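Shown below: my_file_39.cif, with mmCIF, C-alpha atoms.
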data_protein
loop_
_atom_site.label_atom_id
_atom_site.label_comp_id
_atom_site.auth_asym_id
_atom_site.auth_seq_id
_atom_site.Cartn_x
_atom_site.Cartn_y
_atom_site.Cartn_z
CA THR B 1 117.94 37.30 -56.16
CA LEU B 2 115.65 40.36 -56.27
CA TYR B 3 112.13 40.27 -54.92
CA ALA B 4 109.54 43.01 -55.42
CA ILE B 5 106.04 43.42 -53.98
CA ASP B 6 103.64 45.27 -56.28
CA HIS B 7 100.74 47.56 -55.36
CA LEU B 8 98.37 44.58 -55.26
CA GLY B 9 100.53 42.76 -52.73
CA LYS B 10 101.74 40.19 -55.25
CA LEU B 11 105.31 38.92 -55.47
CA TRP B 12 107.75 39.26 -58.38
CA VAL B 13 111.26 37.83 -58.65
CA ALA B 14 114.42 38.06 -60.76
CA SER B 15 117.42 35.87 -60.06
CA THR B 16 120.60 34.20 -61.27
CA ASN B 17 120.00 31.22 -58.98
CA LEU B 18 116.93 29.10 -59.72
CA GLN B 19 116.94 27.20 -56.41
CA ASP B 20 116.42 30.47 -54.50
CA THR B 21 113.14 31.29 -56.26
CA GLY B 22 110.75 28.34 -56.06
CA LEU B 23 110.23 28.54 -59.82
CA THR B 24 110.94 25.96 -62.54
CA ILE B 25 112.40 28.40 -65.08
CA LEU B 26 115.13 30.90 -64.18
CA PRO B 27 113.58 34.42 -64.05
CA SER B 28 116.26 36.65 -65.61
CA VAL B 29 113.92 39.65 -65.43
CA LEU B 30 111.26 40.53 -62.86
CA THR B 31 108.66 37.81 -63.19
CA PRO B 32 105.43 37.25 -61.24
CA VAL B 33 105.55 34.29 -58.83
CA PRO B 34 102.56 32.12 -59.88
CA PHE B 35 101.92 30.78 -56.38
CA PHE B 36 101.02 34.24 -55.09
CA GLN B 37 99.12 35.43 -58.17
CA SER B 38 96.21 33.16 -57.30
CA LEU B 39 96.52 33.50 -53.51
CA ASN B 40 93.80 35.65 -51.95
CA GLU B 41 96.27 37.31 -49.58
CA LYS B 42 98.51 40.36 -49.90
CA ILE B 43 102.20 40.17 -49.10
CA ILE B 44 103.24 42.88 -46.64
CA LYS B 45 106.84 41.85 -45.87
CA ILE B 46 109.59 39.69 -47.34
CA GLN B 47 113.08 38.89 -46.03
CA GLN B 48 115.92 36.66 -47.14
CA ALA B 49 118.95 35.23 -45.39
CA ALA B 50 121.55 34.85 -48.12
CA GLY B 51 123.37 31.61 -48.76
CA TYR B 52 127.14 31.35 -48.28
CA GLY B 53 129.27 29.43 -50.74
CA ASN B 54 126.99 26.74 -52.16
CA ALA B 55 124.27 27.24 -49.56
CA ILE B 56 120.74 28.01 -50.72
CA ALA B 57 119.21 31.28 -49.55
CA SER B 58 116.23 31.12 -47.19
CA THR B 59 113.27 33.41 -47.96
CA ILE B 60 110.09 34.10 -45.99
CA CYS B 61 107.15 36.41 -46.67
CA LEU B 62 104.28 37.54 -44.44
CA THR B 63 100.76 38.20 -45.73
CA ASP B 64 97.95 40.40 -44.46
CA ALA B 65 96.18 37.23 -43.27
CA GLY B 66 98.97 36.60 -40.77
CA ASN B 67 100.39 33.65 -42.70
CA LEU B 68 104.04 32.93 -43.47
CA TYR B 69 105.30 31.33 -46.69
CA ALA B 70 108.84 30.09 -47.29
CA VAL B 71 111.16 28.82 -49.99
CA GLY B 72 114.82 27.77 -50.16
CA GLY B 73 117.38 26.48 -47.68
CA ASN B 74 116.20 24.90 -44.44
CA ALA B 75 119.41 23.22 -43.25
CA LEU B 76 118.88 24.08 -39.58
CA GLY B 77 115.11 23.61 -39.56
CA GLN B 78 114.56 27.38 -39.49
CA PHE B 79 111.24 27.11 -41.35
CA GLY B 80 109.71 25.16 -38.45
CA PHE B 81 108.49 22.09 -40.36
CA GLY B 82 110.22 19.68 -37.99
CA ASN B 83 112.78 18.73 -40.64
CA THR B 84 115.75 20.15 -42.54
CA THR B 85 114.43 19.59 -46.06
CA THR B 86 115.05 22.30 -48.66
CA LEU B 87 111.85 23.85 -50.01
CA THR B 88 111.91 23.93 -53.81
CA ALA B 89 108.47 25.56 -54.03
CA TRP B 90 106.72 28.24 -51.99
CA THR B 91 105.10 26.54 -48.99
CA LYS B 92 102.99 27.79 -46.10
CA ILE B 93 104.75 27.52 -42.73
CA PRO B 94 102.59 25.41 -40.38
CA PHE B 95 102.12 27.98 -37.66
CA LEU B 96 98.65 28.07 -36.10
CA SER B 97 98.57 31.57 -34.56
CA PRO B 98 98.29 34.63 -36.85
CA VAL B 99 101.70 36.25 -37.26
CA LYS B 100 102.21 39.97 -36.66
CA ASP B 101 105.90 40.21 -37.57
CA PHE B 102 108.97 38.07 -38.23
CA GLY B 103 112.69 38.27 -38.83
CA ILE B 104 115.11 35.91 -40.58
CA TYR B 105 118.75 36.26 -39.59
CA GLY B 106 121.81 34.84 -41.34
CA ASN B 107 125.42 34.39 -40.30
CA THR B 108 127.98 32.94 -42.69
CA SER B 109 129.93 31.23 -39.90
CA GLY B 110 128.68 27.77 -40.90
CA ASN B 111 125.56 28.93 -42.79
CA LEU B 112 123.76 29.73 -39.56
CA VAL B 113 120.18 30.95 -39.83
CA ASN B 114 117.35 31.42 -37.39
CA VAL B 115 113.83 32.80 -37.64
CA LEU B 116 111.91 34.75 -35.01
CA ILE B 117 108.13 35.11 -35.13
CA LYS B 118 105.92 37.50 -33.19
CA THR B 119 102.23 36.58 -33.05
CA LEU B 120 99.23 38.89 -32.79
CA ASP B 121 99.09 38.22 -29.04
CA ASN B 122 102.72 39.43 -28.74
CA LYS B 123 104.36 36.06 -28.13
CA LEU B 124 107.86 35.47 -29.52
CA TYR B 125 108.82 32.13 -31.08
CA GLY B 126 112.05 30.93 -32.69
CA ALA B 127 113.41 28.15 -34.91
CA GLY B 128 116.76 27.32 -36.49
CA CYS B 129 120.29 27.81 -35.16
CA ASN B 130 120.45 27.13 -31.41
CA SER B 131 124.21 26.85 -30.81
CA TYR B 132 124.04 28.83 -27.55
CA SER B 133 120.52 27.79 -26.44
CA GLN B 134 119.33 31.17 -27.65
CA LEU B 135 115.96 29.73 -28.69
CA ALA B 136 115.46 26.76 -26.37
CA SER B 137 117.38 24.44 -24.08
CA GLY B 138 118.77 21.01 -24.80
CA VAL B 139 118.99 20.84 -28.62
CA LEU B 140 121.53 22.00 -31.20
CA ASN B 141 118.94 23.21 -33.71
CA VAL B 142 115.25 23.96 -33.19
CA THR B 143 113.18 22.56 -36.07
CA THR B 144 109.71 23.49 -34.80
CA PHE B 145 108.91 26.93 -33.45
CA SER B 146 109.62 27.20 -29.74
CA LEU B 147 108.05 29.80 -27.44
CA ILE B 148 110.66 32.25 -26.11
CA ASP B 149 108.67 34.92 -24.27
CA ALA B 150 105.33 36.75 -24.04
CA ASN B 151 104.35 40.43 -24.00
CA VAL B 152 107.07 41.16 -26.57
CA ASN B 153 107.34 44.50 -28.35
CA ASN B 154 110.42 44.46 -30.66
CA PHE B 155 113.12 41.85 -31.29
CA THR B 156 116.31 41.13 -33.23
CA SER B 157 119.07 38.53 -33.55
CA ASN B 158 122.56 37.91 -34.93
CA THR B 159 121.77 34.14 -34.95
CA TRP B 160 123.87 33.45 -31.81
CA THR B 161 122.14 35.97 -29.52
CA ILE B 162 118.61 37.31 -29.47
CA TRP B 163 117.49 40.60 -27.91
CA TRP B 164 113.97 41.84 -27.31
CA THR B 165 111.94 44.45 -25.49
CA ARG B 166 108.70 43.79 -23.66
CA ASN B 167 105.64 45.99 -23.72
CA ASP B 168 106.59 47.25 -20.26
CA LYS B 169 109.82 48.65 -21.84
CA THR B 170 112.12 46.17 -20.12
CA LEU B 171 115.12 44.78 -22.05
CA TRP B 172 116.00 41.09 -22.43
CA PHE B 173 118.52 38.83 -24.16
CA ARG B 174 119.43 35.18 -24.48
CA GLY B 175 122.36 33.23 -25.97
CA ALA B 176 126.00 34.09 -26.64
CA ASN B 177 127.53 36.82 -24.46
CA ALA B 178 131.30 36.27 -24.70
CA GLN B 179 131.89 39.89 -25.78
CA GLY B 180 129.39 41.45 -23.39
CA GLU B 181 126.80 41.82 -26.16
CA GLY B 182 124.02 40.92 -23.75
CA GLY B 183 124.74 43.96 -21.60
CA ASN B 184 124.06 42.36 -18.21
CA GLY B 185 127.49 43.16 -16.74
CA THR B 186 129.04 39.74 -17.48
CA ILE B 187 130.65 37.87 -20.36
CA VAL B 188 128.82 34.65 -19.51
CA ASN B 189 126.55 33.00 -22.10
CA LYS B 190 122.90 32.74 -21.09
CA ALA B 191 120.72 29.73 -21.91
CA VAL B 192 117.67 31.35 -20.27
CA ASN B 193 115.78 34.60 -20.75
CA THR B 194 117.84 37.29 -19.04
CA GLN B 195 116.58 40.73 -18.08
CA ILE B 196 118.90 43.74 -18.11
CA SER B 197 118.62 45.20 -14.64
CA GLY B 198 117.51 48.81 -14.34
CA VAL B 199 116.31 49.28 -17.93
CA THR B 200 112.68 50.44 -18.02
CA ASP B 201 112.73 52.69 -21.11
CA ALA B 202 113.61 50.29 -23.97
CA VAL B 203 111.34 50.48 -27.02
CA ASN B 204 113.45 48.92 -29.77
CA VAL B 205 116.55 46.78 -30.35
CA PHE B 206 118.93 46.73 -33.32
CA ASN B 207 121.59 44.37 -34.59
CA TYR B 208 122.46 44.41 -38.26
CA ASP B 209 126.10 43.38 -38.05
CA ALA B 210 125.62 41.21 -41.14
CA TRP B 211 127.97 38.34 -41.81
CA VAL B 212 130.52 39.27 -39.14
CA SER B 213 127.99 39.52 -36.32
CA SER B 214 129.43 36.49 -34.56
CA ASN B 215 132.97 37.88 -34.65
CA TYR B 216 132.22 41.46 -33.58
CA PRO B 217 128.95 41.15 -31.64
CA PHE B 218 127.18 44.00 -29.94
CA GLY B 219 123.84 44.90 -28.43
CA CYS B 220 121.99 48.13 -29.20
CA TYR B 221 118.72 49.47 -27.87
CA LEU B 222 116.65 52.63 -28.25
CA THR B 223 114.99 54.41 -25.36
CA ASP B 224 111.56 56.02 -25.36
CA THR B 225 113.28 59.42 -25.54
CA GLY B 226 115.18 58.65 -28.78
CA VAL B 227 118.51 57.84 -27.12
CA VAL B 228 120.60 54.94 -28.47
CA LYS B 229 122.90 52.81 -26.27
CA PHE B 230 125.50 50.13 -27.06
CA THR B 231 127.22 47.19 -25.42
CA GLY B 232 129.67 44.54 -26.63
CA TYR B 233 132.67 44.68 -28.94
CA ASN B 234 133.43 48.26 -29.96
CA ARG B 235 135.44 47.50 -33.10
CA GLU B 236 137.16 50.60 -34.56
CA GLY B 237 135.21 52.81 -32.14
CA LYS B 238 131.90 52.18 -33.92
CA PHE B 239 130.00 53.05 -30.72
CA GLY B 240 131.08 56.65 -31.23
CA THR B 241 133.68 57.20 -28.52
CA SER B 242 137.25 58.48 -28.57
CA VAL B 243 140.18 56.09 -28.30
CA THR B 244 141.87 56.68 -24.96
CA SER B 245 142.92 54.33 -22.22
CA THR B 246 140.49 55.94 -19.80
CA THR B 247 137.43 55.79 -22.05
CA PRO B 248 135.06 52.92 -21.15
CA LEU B 249 134.25 52.38 -24.82
CA ALA B 250 137.73 52.73 -26.31
CA SER B 251 138.25 51.29 -29.78
CA ASN B 252 138.29 47.46 -29.86
CA VAL B 253 137.49 47.34 -26.15
CA VAL B 254 134.62 45.26 -24.82
CA THR B 255 131.98 46.74 -22.55
CA ASN B 256 129.45 44.44 -20.92
CA THR B 257 126.99 47.15 -19.89
CA TYR B 258 125.03 49.56 -22.07
CA ARG B 259 126.63 52.99 -22.61
CA GLN B 260 125.41 55.97 -24.60
CA PRO B 261 127.61 58.07 -26.90
CA THR B 262 127.30 61.84 -27.16
CA PHE B 263 126.56 63.30 -30.61
CA ALA B 264 124.29 65.87 -32.24
CA GLY B 265 121.53 63.39 -33.11
CA GLN B 266 121.22 61.78 -29.68
CA GLY B 267 117.63 62.07 -28.47
CA ASP B 268 116.23 61.98 -32.03
CA VAL B 269 117.27 58.45 -33.10
CA VAL B 270 114.79 56.24 -34.96
CA ASP B 271 116.96 53.64 -36.74
CA VAL B 272 120.40 52.00 -36.53
CA VAL B 273 122.21 49.80 -39.06
CA SER B 274 125.68 48.31 -38.74
CA CYS B 275 128.30 46.29 -40.55
CA HIS B 276 131.91 45.30 -39.90
CA GLY B 277 133.28 48.17 -37.82
CA ASN B 278 130.64 50.77 -38.71
CA VAL B 279 127.43 52.03 -37.15
CA TYR B 280 125.01 54.30 -39.04
CA ILE B 281 122.24 56.15 -37.23
CA ARG B 282 119.16 57.87 -38.70
CA THR B 283 117.22 60.53 -36.80
CA ASN B 284 113.57 61.54 -36.93
CA ASP B 285 114.43 64.68 -38.92
CA GLY B 286 116.33 62.75 -41.60
CA ARG B 287 119.95 63.17 -40.56
CA VAL B 288 122.43 60.27 -40.85
CA PHE B 289 125.46 59.84 -38.59
CA SER B 290 128.39 57.42 -38.94
CA SER B 291 131.16 56.18 -36.69
CA GLY B 292 133.84 53.50 -36.92
CA LEU B 293 135.95 51.94 -39.64
CA GLN B 294 136.88 54.27 -42.50
CA SER B 295 138.80 51.94 -44.82
CA TYR B 296 136.53 52.12 -47.91
CA ARG B 297 133.37 51.39 -46.01
CA GLY B 298 132.48 54.19 -43.63
CA ILE B 299 132.08 57.69 -45.00
CA SER B 300 131.28 60.57 -42.67
CA LYS B 301 130.95 64.29 -43.37
CA GLY B 302 130.96 63.25 -47.03
CA THR B 303 134.75 63.04 -46.97
CA TYR B 304 136.84 59.88 -47.00
CA THR B 305 139.60 59.55 -44.42
CA ALA B 306 141.92 56.63 -43.77
CA THR B 307 141.66 57.25 -40.03
CA ASP B 308 138.92 55.41 -38.16
CA LEU B 309 136.27 57.63 -36.62
CA ASN B 310 135.53 57.20 -32.93
CA THR B 311 132.75 59.74 -32.77
CA PHE B 312 129.50 60.03 -34.71
CA LEU B 313 129.71 62.61 -37.49
CA GLN B 314 126.92 63.63 -39.83
CA VAL B 315 126.99 62.25 -43.37
CA SER B 316 126.62 64.99 -45.98
CA LEU B 317 123.44 64.45 -48.01
CA PRO B 318 121.43 67.00 -50.05
CA ALA B 319 118.06 66.33 -48.38
CA PRO B 320 116.61 64.60 -45.30
CA VAL B 321 116.68 60.79 -45.36
CA LYS B 322 113.37 58.94 -45.31
CA ASP B 323 114.77 55.41 -45.14
CA MET B 324 118.18 53.77 -44.86
CA LYS B 325 119.39 50.26 -45.65
CA LEU B 326 122.77 48.55 -45.44
CA THR B 327 124.10 45.68 -47.53
CA SER B 328 127.05 43.49 -46.68
CA TYR B 329 128.22 40.13 -47.86
CA TYR B 330 131.19 37.81 -47.57
CA ALA B 331 133.73 38.13 -50.38
CA THR B 332 135.83 35.06 -51.12
CA THR B 333 138.69 37.31 -52.24
CA GLY B 334 139.65 40.85 -51.26
CA SER B 335 137.77 43.03 -48.84
CA ASP B 336 134.21 42.37 -47.78
CA PRO B 337 131.78 44.81 -49.40
CA CYS B 338 129.54 47.00 -47.30
CA PHE B 339 127.52 49.95 -48.54
CA VAL B 340 124.65 52.14 -47.40
CA THR B 341 121.64 53.16 -49.47
CA CYS B 342 119.58 56.19 -48.43
CA LEU B 343 116.17 57.16 -49.74
CA LEU B 344 115.78 60.94 -49.51
CA GLU B 345 112.50 62.77 -48.97
CA THR B 346 112.90 64.09 -52.51
CA GLY B 347 112.57 60.53 -53.84
CA GLN B 348 116.24 60.33 -54.83
CA VAL B 349 118.43 57.39 -53.86
CA TYR B 350 122.01 57.94 -52.67
CA CYS B 351 124.71 55.32 -52.00
CA PHE B 352 128.09 55.36 -50.32
CA GLY B 353 130.58 52.79 -49.11
CA TYR B 354 132.54 49.89 -50.59
CA SER B 355 131.19 47.29 -52.99
CA ASP B 356 134.03 45.72 -55.02
CA GLY B 357 132.94 48.05 -57.83
CA ASN B 358 129.81 46.03 -58.58
CA PHE B 359 127.15 48.32 -57.18
CA VAL B 360 128.31 51.78 -56.19
CA GLY B 361 131.42 52.42 -58.27
CA ALA B 362 134.96 51.12 -58.58
CA ASN B 363 136.57 50.78 -55.15
CA GLY B 364 133.47 52.26 -53.60
CA LEU B 365 132.06 55.74 -53.27
CA LEU B 366 134.12 57.97 -51.03
CA VAL B 367 131.27 60.46 -50.76
CA PRO B 368 127.50 59.87 -51.12
CA GLN B 369 126.40 59.93 -54.75
CA ALA B 370 123.02 59.77 -56.43
CA VAL B 371 122.10 56.50 -58.09
CA PRO B 372 121.77 57.24 -61.84
CA ILE B 373 118.10 56.42 -62.25
CA ASN B 374 115.24 58.27 -63.90
CA GLN B 375 112.51 57.38 -61.45
CA PHE B 376 111.69 58.66 -57.98
CA TYR B 377 110.85 56.17 -55.27
CA ASN B 378 108.73 55.93 -52.15
CA GLY B 379 110.45 52.88 -50.67
CA ILE B 380 113.64 50.82 -50.77
CA ALA B 381 114.52 47.31 -49.67
CA ILE B 382 117.96 45.75 -49.94
CA SER B 383 119.13 42.29 -48.93
CA SER B 384 122.37 40.37 -49.32
#

Output the structure of this file as structure tokens.
Amino acid sequence: TLYAIDHLGKLWVASTNLQDTGLTILPSVLTPVPFFQSLNEKIIKIQQAAGYGNAIASTICLTDAGNLYAVGGNALGQFGFGNTTTLTAWTKIPFLSPVKDFGIYGNTSGNLVNVLIKTLDNKLYGAGCNSYSQLASGVLNVTTFSLIDANVNNFTSNTWTIWWTRNDKTLWFRGANAQGEGGNGTIVNKAVNTQISGVTDAVNVFNYDAWVSSNYPFGCYLTDTGVVKFTGYNREGKFGTSVTSTTPLASNVVTNTYRQPTFAGQGDVVDVVSCHGNVYIRTNDGRVFSSGLQSYRGISKGTYTATDLNTFLQVSLPAPVKDMKLTSYYATTGSDPCFVTCLLETGQVYCFGYSDGNFVGANGLLVPQAVPINQFYNGIAISS
């Protein structure tokens, strides 16, 4: 399913799966969604947690009025209606406070999905998967939005663990911590809000480890000086450290406290995306760095190598990168696709990585290549 927001803030959709769209006729080409054409609100954000197998994708959009609207799968009560009924039409989520931001997070280990909401008064709420009491205590799934914390700045989740920063730049987590992904010096799960001792410079948190987030979990936060730090399972050295027995972050070794790698972009970091055994970092001057698994998926220096990278190297691109997205999904046969899309300041779009030949070339692109399109873009959005 492809969603697009036009310059008037209205929603369009094209899909091969009718039950993902909220429409009555399958939109094989981009088609306006009637519900939003007559709505006197502009859509400013849309996200989807993809279905797995026969599961129905869950989609939420946020409008400039601070309202949330949803359609699709609701098996864990992630839409907050107090039930698990699938929404076959776009429906307003019954949340009383105006919403400032939200995130919907999927994990194919059992079709797990949860939703986090941040209100205008900086309170964080959650609904959906609650396997590790990451949203609330005492229930398996949370079907109405539960208050998690106040004075929240940024937040993220991999469905089993949630991380957030407060406005005072402290760092917090809650939920699963078996691989040290919480970063509090233990591998003990936490069913309560847990502060990371000594951190007073955290401004953002990242976790985009897609469908394998539960198997290779990690925590990642950004400091107010542009430094990125990692904790958790360092699969294939994706945290950007060499593989030696004396290195705290050796490949496939767990660390339960936050550590920072050394590389040329450290101190200028603005964004981090990850999948499988790869981490990709974007800096404020448009450079992109990669570390980790190199089998099809991770391409650094613009040259493919069969040897995993355990240090961040710069990806070779012809112009500075304005935006960066990563797509990954579970493949029922063969390897699991993962590819990166970069929007350059020139308006060109470049892709690299592995995609089963469906999106970025047979067996993947071993070096970044321009997408063969005749338009130039000012924004990109990719989901899976």

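Every residue that the PyMOL selection byres ((chain B and resi 151) around 8) selects in this file is listed here: Asp121, Asn122, Lys123, Asp149, Ala150, Val152, Asn153, Arg166 and Asn167 of chain B.
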
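By only C-alpha atoms, and with residues fewer than 6 positions from Val142 of chain B along its chain excluded, the set lying at most 9 Å from it is Leu76, Gly77, Gln78, Gly80, Gly82, Asn114, Gly126, Ala127, Gly128, Cys129, Asn130, Leu135 and Ala136 of chain B.
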
task: Would you kindly translate the PyMOL selection byres ((chain B and resi 48) around 8) into the concrete residues it picks from this file, as a ChimeraX atom specification?
output: /B:46-47,49-50,57-60,104,383-384

- request: Using all atoms listed in the file, pick whichever of B:Val340, B:Leu112, B:Val227, B:Val13 has the shortest atom-to-atom distance to Gln260 of chain B.
  value: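 Once distances to Gln260 of chain B are computed over all atoms listed in the file, the minimum belongs to B:Val227.
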
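Using all atoms listed in the file, the protein and nucleic acid residues lying at most 6 Å from the point (122.0, 53.1, -46.4) are Met324, Lys325, Leu326, Val340, Thr341 and Cys342 of chain B.
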
Point-to-point distance in Å for atom CA of Thr255 of chain B and atom CA of Pro217 of chain B: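 Interatomic distance here is 11.1 Å.
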
field: All residues 6 Å or closer to Phe230 of chain B, all atoms listed in the file, same chain fewer than 6 positions away omitted, as a list in words
entry: Gly219, Cys220, Tyr258 and Arg259 of chain B

For atom CA of Tyr132 of chain B and atom CA of Gly180 of chain B, the interatomic separation in Å (one decimal): 14.3 Å

task: Could you expand the PyMOL selection byres ((chain B and resi 268) around 7) into the explicit residues it covers here, written as a ChimeraX atom specification?
output: /B:226-227,265-267,269-270,283-284

task: Would you kindly return, as an NGL selection string, each protein, DNA or RNA residue with an atom no farther than 9 Å from any atom of Thr16 of chain B, considering all atoms listed in the file and excluding same-chain residues fewer than 2 positions away?
output: :B and (1 or 14 or 18 or 20 or 26-28)

message: Could you tell me how far atom CA of Gly232 of chain B sits from atom CA of Gly106 of chain B, in Å to one decimal place?
response: 19.3 Å

Report the centre and edge lengths, in Å to one decimal, of an axis-aligned box enclosing every atom of segment 338-350 of chain B listed in the file, padded by 5 Å on each side, as lines of an AutoDock Vina configuration file.
center_x = 121.0
center_y = 55.5
center_z = -51.1
size_x = 27.0
size_y = 27.1
size_z = 17.5

statement: Counting all atoms listed in the file, the residue among B:Val188, B:Val203, B:Leu87, B:Leu62 that lies closest to Lys169 of chain B is B:Val203
